[in-house]
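Q: There's a structure below that I have some questions on.
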Amino acid sequence: MKNKKWTPKNLSKTQEKALESNDFNELERYGDFGAYRRVLLGDDVENSMLGFHNSLNPGPKVDFCHGLLKRSADNVASVLDVGCGMGYTANEISSLYPNARVLAVDISEDAVKFGRKTFSGVDFVCQCIEPENPALGQFDIIYAFEFYPFTRTSELNTHLNYIKYFLSQLNVDGNFVIHLLWNNSESIYTTISSIEKELPEFKFSIHTVPNEKIHRIFKIGFLSIFFDYLARLFLRRAPNKGIVISRA
């Protein structure tokens with residue numbers, strides 16, 4: 001049986017259960033909503049296991065993904081971060097694009113409360129994202145980092161409907177970036193070739209995204225040729241991929 005825990009309906013039910021408790025010691029740490037609420041209620045980040053659900057140091061990842069777009073960060077006016085969680089990634093996005101309005105959206109009430117309280121440079125919205133919903137706006141860049149509809153199911157129609165929804169909100173020269181763990185049979189990894197055929201008016205490119213340590217290596221300017229070669233050889237084995245979609 002396919003895992004349906006990721007669907008908006010089931011996520012809402014899971015959240016409702018977590019919201020019933022006001023004592024973080026009563027909340028489990030192995031799901032997003034329990035970890036989010038634990039932090040909001042005063043638990044420390046490490047004990048809450050928040051790092052298992054959100055990237056707590058997403059700067060290198062955001063910086064690398066932006067580099068794939070080959071556009072000036074100063075000229076970006078609007079960015080959307082979907083499934084933003086507690087807002088750590090959205091905050092890095094805001095720092096990277098100094099002239100942009102950054103809109104961050106997540107279904108979790110606690111995550112959005114934390115984001116609003118902690119990160120002042122981001123507009124947070126608590127909302128379930130579904131393809132049938134009204135548009136969230138028009139954006140120069142849309143980021144989907146580990147967004148559940150792309151990382152918890154292999155259903156082609158689900159992927160296609162969400163992608164069409166987001167692409168309809170891209171400005172003419174905009175970019176849509178999907179970041180995920182690759183080689184996962186229950187993800188967009190299994191359907192991306194079919195999606196590309198369905199959308200011939202868009203250009204798709206897939207890139208390997210290094211982990212934080214390898215990214216730092218690339219930032220060092222005095223590397224030897226041999227060391228640089230070893231770093232790039234290791235990069236080919238990195239499990240994360242970035243899919244960039246733009247108009248052809």
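Residue numbering restarts at 1 for every chain of the structure tokens, chains are lettered A, B, ... in their displayed order, and ligands are numbered from 1 as they appear.
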Near stretch 45-50 of chain A, counting only C-alpha atoms, which residues have an atom at most 7 Å away, once you skip same-chain residues fewer than 3 positions from it, shown as a ChimeraX atom specification?

A: /A:29,35-36,38-39,53-54

Q: Would you mind listing, for every residue of stretch 129-149 of chain A within 7 Å of stretch 159-182 of chain A, the two atoms forming the shortest contact and the distance between them in Å to one decimal, using only C-alpha atoms, sorted by chain and ascending residue number, as JSON lines?

A:
```
{"residue": "A:Pro131", "atom": "CA", "partner": "A:Tyr165", "partner_atom": "CA", "distance": 5.4}
{"residue": "A:Ala135", "atom": "CA", "partner": "A:Gln169", "partner_atom": "CA", "distance": 6.7}
{"residue": "A:Gly137", "atom": "CA", "partner": "A:Gln169", "partner_atom": "CA", "distance": 6.1}
{"residue": "A:Gln138", "atom": "CA", "partner": "A:Gln169", "partner_atom": "CA", "distance": 4.7}
{"residue": "A:Phe139", "atom": "CA", "partner": "A:Leu170", "partner_atom": "CA", "distance": 5.1}
{"residue": "A:Asp140", "atom": "CA", "partner": "A:Gly174", "partner_atom": "CA", "distance": 4.5}
{"residue": "A:Ile141", "atom": "CA", "partner": "A:Asn175", "partner_atom": "CA", "distance": 4.9}
{"residue": "A:Ile142", "atom": "CA", "partner": "A:Phe176", "partner_atom": "CA", "distance": 4.8}
{"residue": "A:Tyr143", "atom": "CA", "partner": "A:Val177", "partner_atom": "CA", "distance": 4.9}
{"residue": "A:Ala144", "atom": "CA", "partner": "A:Ile178", "partner_atom": "CA", "distance": 4.8}
{"residue": "A:Phe145", "atom": "CA", "partner": "A:His179", "partner_atom": "CA", "distance": 4.8}
{"residue": "A:Glu146", "atom": "CA", "partner": "A:Leu180", "partner_atom": "CA", "distance": 5.0}
{"residue": "A:Pro149", "atom": "CA", "partner": "A:His159", "partner_atom": "CA", "distance": 6.7}
```

Q: Can you list, as a ChimeraX atom specification, all residues belonging to stretch 15-229 of chain A that DSSP tags as strand (DSSP E or B)?

A: /A:78-82,101-106,123-126,139-145,170-181,202-209

Q: Now that the selection is made, can you save its residues with C-alpha atoms as a PDB file, in the first residue's frame?

A:
```pdb
ATOM      1  CA  SER A  78      10.324  37.948  -5.611  1.00  0.00           C
ATOM      2  CA  VAL A  79      10.972  34.437  -4.278  1.00  0.00           C
ATOM      3  CA  LEU A  80       8.629  31.716  -3.052  1.00  0.00           C
ATOM      4  CA  ASP A  81       9.753  28.966  -0.649  1.00  0.00           C
ATOM      5  CA  VAL A  82       7.176  26.147  -0.555  1.00  0.00           C
ATOM      6  CA  ARG A 101      10.253  39.884  -1.192  1.00  0.00           C
ATOM      7  CA  VAL A 102      10.465  36.322   0.127  1.00  0.00           C
ATOM      8  CA  LEU A 103       7.201  34.479   0.720  1.00  0.00           C
ATOM      9  CA  ALA A 104       7.454  31.262   2.747  1.00  0.00           C
ATOM     10  CA  VAL A 105       4.491  28.881   2.991  1.00  0.00           C
ATOM     11  CA  ASP A 106       3.896  25.856   5.190  1.00  0.00           C
ATOM     12  CA  ASP A 123       6.704  36.907   4.890  1.00  0.00           C
ATOM     13  CA  PHE A 124       5.300  33.676   6.344  1.00  0.00           C
ATOM     14  CA  VAL A 125       1.929  32.216   5.398  1.00  0.00           C
ATOM     15  CA  CYS A 126       0.302  29.228   7.076  1.00  0.00           C
ATOM     16  CA  PHE A 139       7.652  35.074  -8.647  1.00  0.00           C
ATOM     17  CA  ASP A 140      11.101  35.320 -10.200  1.00  0.00           C
ATOM     18  CA  ILE A 141      12.203  32.141  -8.400  1.00  0.00           C
ATOM     19  CA  ILE A 142      10.287  29.337  -6.716  1.00  0.00           C
ATOM     20  CA  TYR A 143      12.179  26.927  -4.459  1.00  0.00           C
ATOM     21  CA  ALA A 144      10.851  23.535  -3.344  1.00  0.00           C
ATOM     22  CA  PHE A 145      13.339  22.017  -0.902  1.00  0.00           C
ATOM     23  CA  LEU A 170       6.583  32.067 -12.573  1.00  0.00           C
ATOM     24  CA  ASN A 171       7.439  35.345 -14.208  1.00  0.00           C
ATOM     25  CA  VAL A 172       8.497  35.163 -17.870  1.00  0.00           C
ATOM     26  CA  ASP A 173      12.197  34.720 -17.120  1.00  0.00           C
ATOM     27  CA  GLY A 174      11.602  32.846 -13.866  1.00  0.00           C
ATOM     28  CA  ASN A 175      13.100  29.638 -12.508  1.00  0.00           C
ATOM     29  CA  PHE A 176      11.580  26.783 -10.527  1.00  0.00           C
ATOM     30  CA  VAL A 177      14.055  24.759  -8.466  1.00  0.00           C
ATOM     31  CA  ILE A 178      13.226  21.378  -6.897  1.00  0.00           C
ATOM     32  CA  HIS A 179      15.790  19.981  -4.445  1.00  0.00           C
ATOM     33  CA  LEU A 180      15.542  16.402  -3.168  1.00  0.00           C
ATOM     34  CA  LEU A 181      17.306  13.213  -2.209  1.00  0.00           C
ATOM     35  CA  PHE A 202       9.843  24.348 -20.539  1.00  0.00           C
ATOM     36  CA  LYS A 203      13.506  23.445 -20.231  1.00  0.00           C
ATOM     37  CA  PHE A 204      14.586  20.932 -17.580  1.00  0.00           C
ATOM     38  CA  SER A 205      18.095  20.461 -16.221  1.00  0.00           C
ATOM     39  CA  ILE A 206      19.214  18.138 -13.429  1.00  0.00           C
ATOM     40  CA  HIS A 207      22.260  18.930 -11.299  1.00  0.00           C
ATOM     41  CA  THR A 208      24.105  17.189  -8.485  1.00  0.00           C
ATOM     42  CA  VAL A 209      24.044  19.285  -5.311  1.00  0.00           C
TER      43      VAL A 209
END
```

Q: Nearest to A:Thr153: which of A:Cys128, A:Ile188, A:Ile195, A:Ala90 is it, counting only C-alpha atoms?

A: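 Among the listed residues, the smallest separation from A:Thr153 belongs to A:Ile188.
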
Q: Got a sec to tell me which of stretch 38-228 of chain A DSSP assigns to alpha helix (DSSP H), as an MDAnalysis selection string?

A: chainID A and resid 38:40 45:48 59:67 88:96 109:118 148:151 156:167 192:198 212:218 225:228

Q: Could you jot down the atom CA of A:Ser185 to atom CA of A:Asn157 separation for me, Å, one decimal place?

A: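 Answer for the atom CA of A:Ser185 to atom CA of A:Asn157 separation: 15.5 Å.
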
Q: Write out as a PDB file with C-alpha atoms, in the first residue's frame the residues lying within 10 Å of A:Lys4, counting only C-alpha atoms and excluding same-chain residues fewer than 4 positions away.

A:
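Saved file out24.pdb follows:
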```pdb
ATOM      1  CA  PRO A   8      -2.645  17.528   2.876  1.00  0.00           C
ATOM      2  CA  LYS A   9      -5.658  15.816   4.461  1.00  0.00           C
ATOM      3  CA  ASN A  10      -3.552  13.413   6.513  1.00  0.00           C
ATOM      4  CA  LEU A  11      -0.983  16.065   7.405  1.00  0.00           C
ATOM      5  CA  ARG A 152       6.833  11.066  -0.779  1.00  0.00           C
ATOM      6  CA  THR A 153       5.027   9.684  -3.830  1.00  0.00           C
TER       7      THR A 153
END
```

Q: Name the closest residue to A:Leu41 among the candidates A:Pro98, A:Leu56, A:Asp110, A:Glu28; distances are taken between atoms, counting only C-alpha atoms.

A: A:Asp110

Q: Expressed in Å to a single decimal, how great is the separation between atom CA of A:Arg116 and atom CA of A:Gly67?

A: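 Atom-to-atom, atom CA of A:Arg116 to atom CA of A:Gly67, that is 27.5 Å.
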
Q: Quote the spacing between atom CA of A:Ala73 and atom CA of A:Ile129 in Å to one decimal place.

A: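 So the two atoms, atom CA of A:Ala73 and atom CA of A:Ile129, lie 26.2 Å apart.
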
Q: Using only C-alpha atoms, which residue out of A:Glu26, A:Leu96, A:Thr190, A:Leu69 lies closest to A:Ile245?

A: A:Leu69
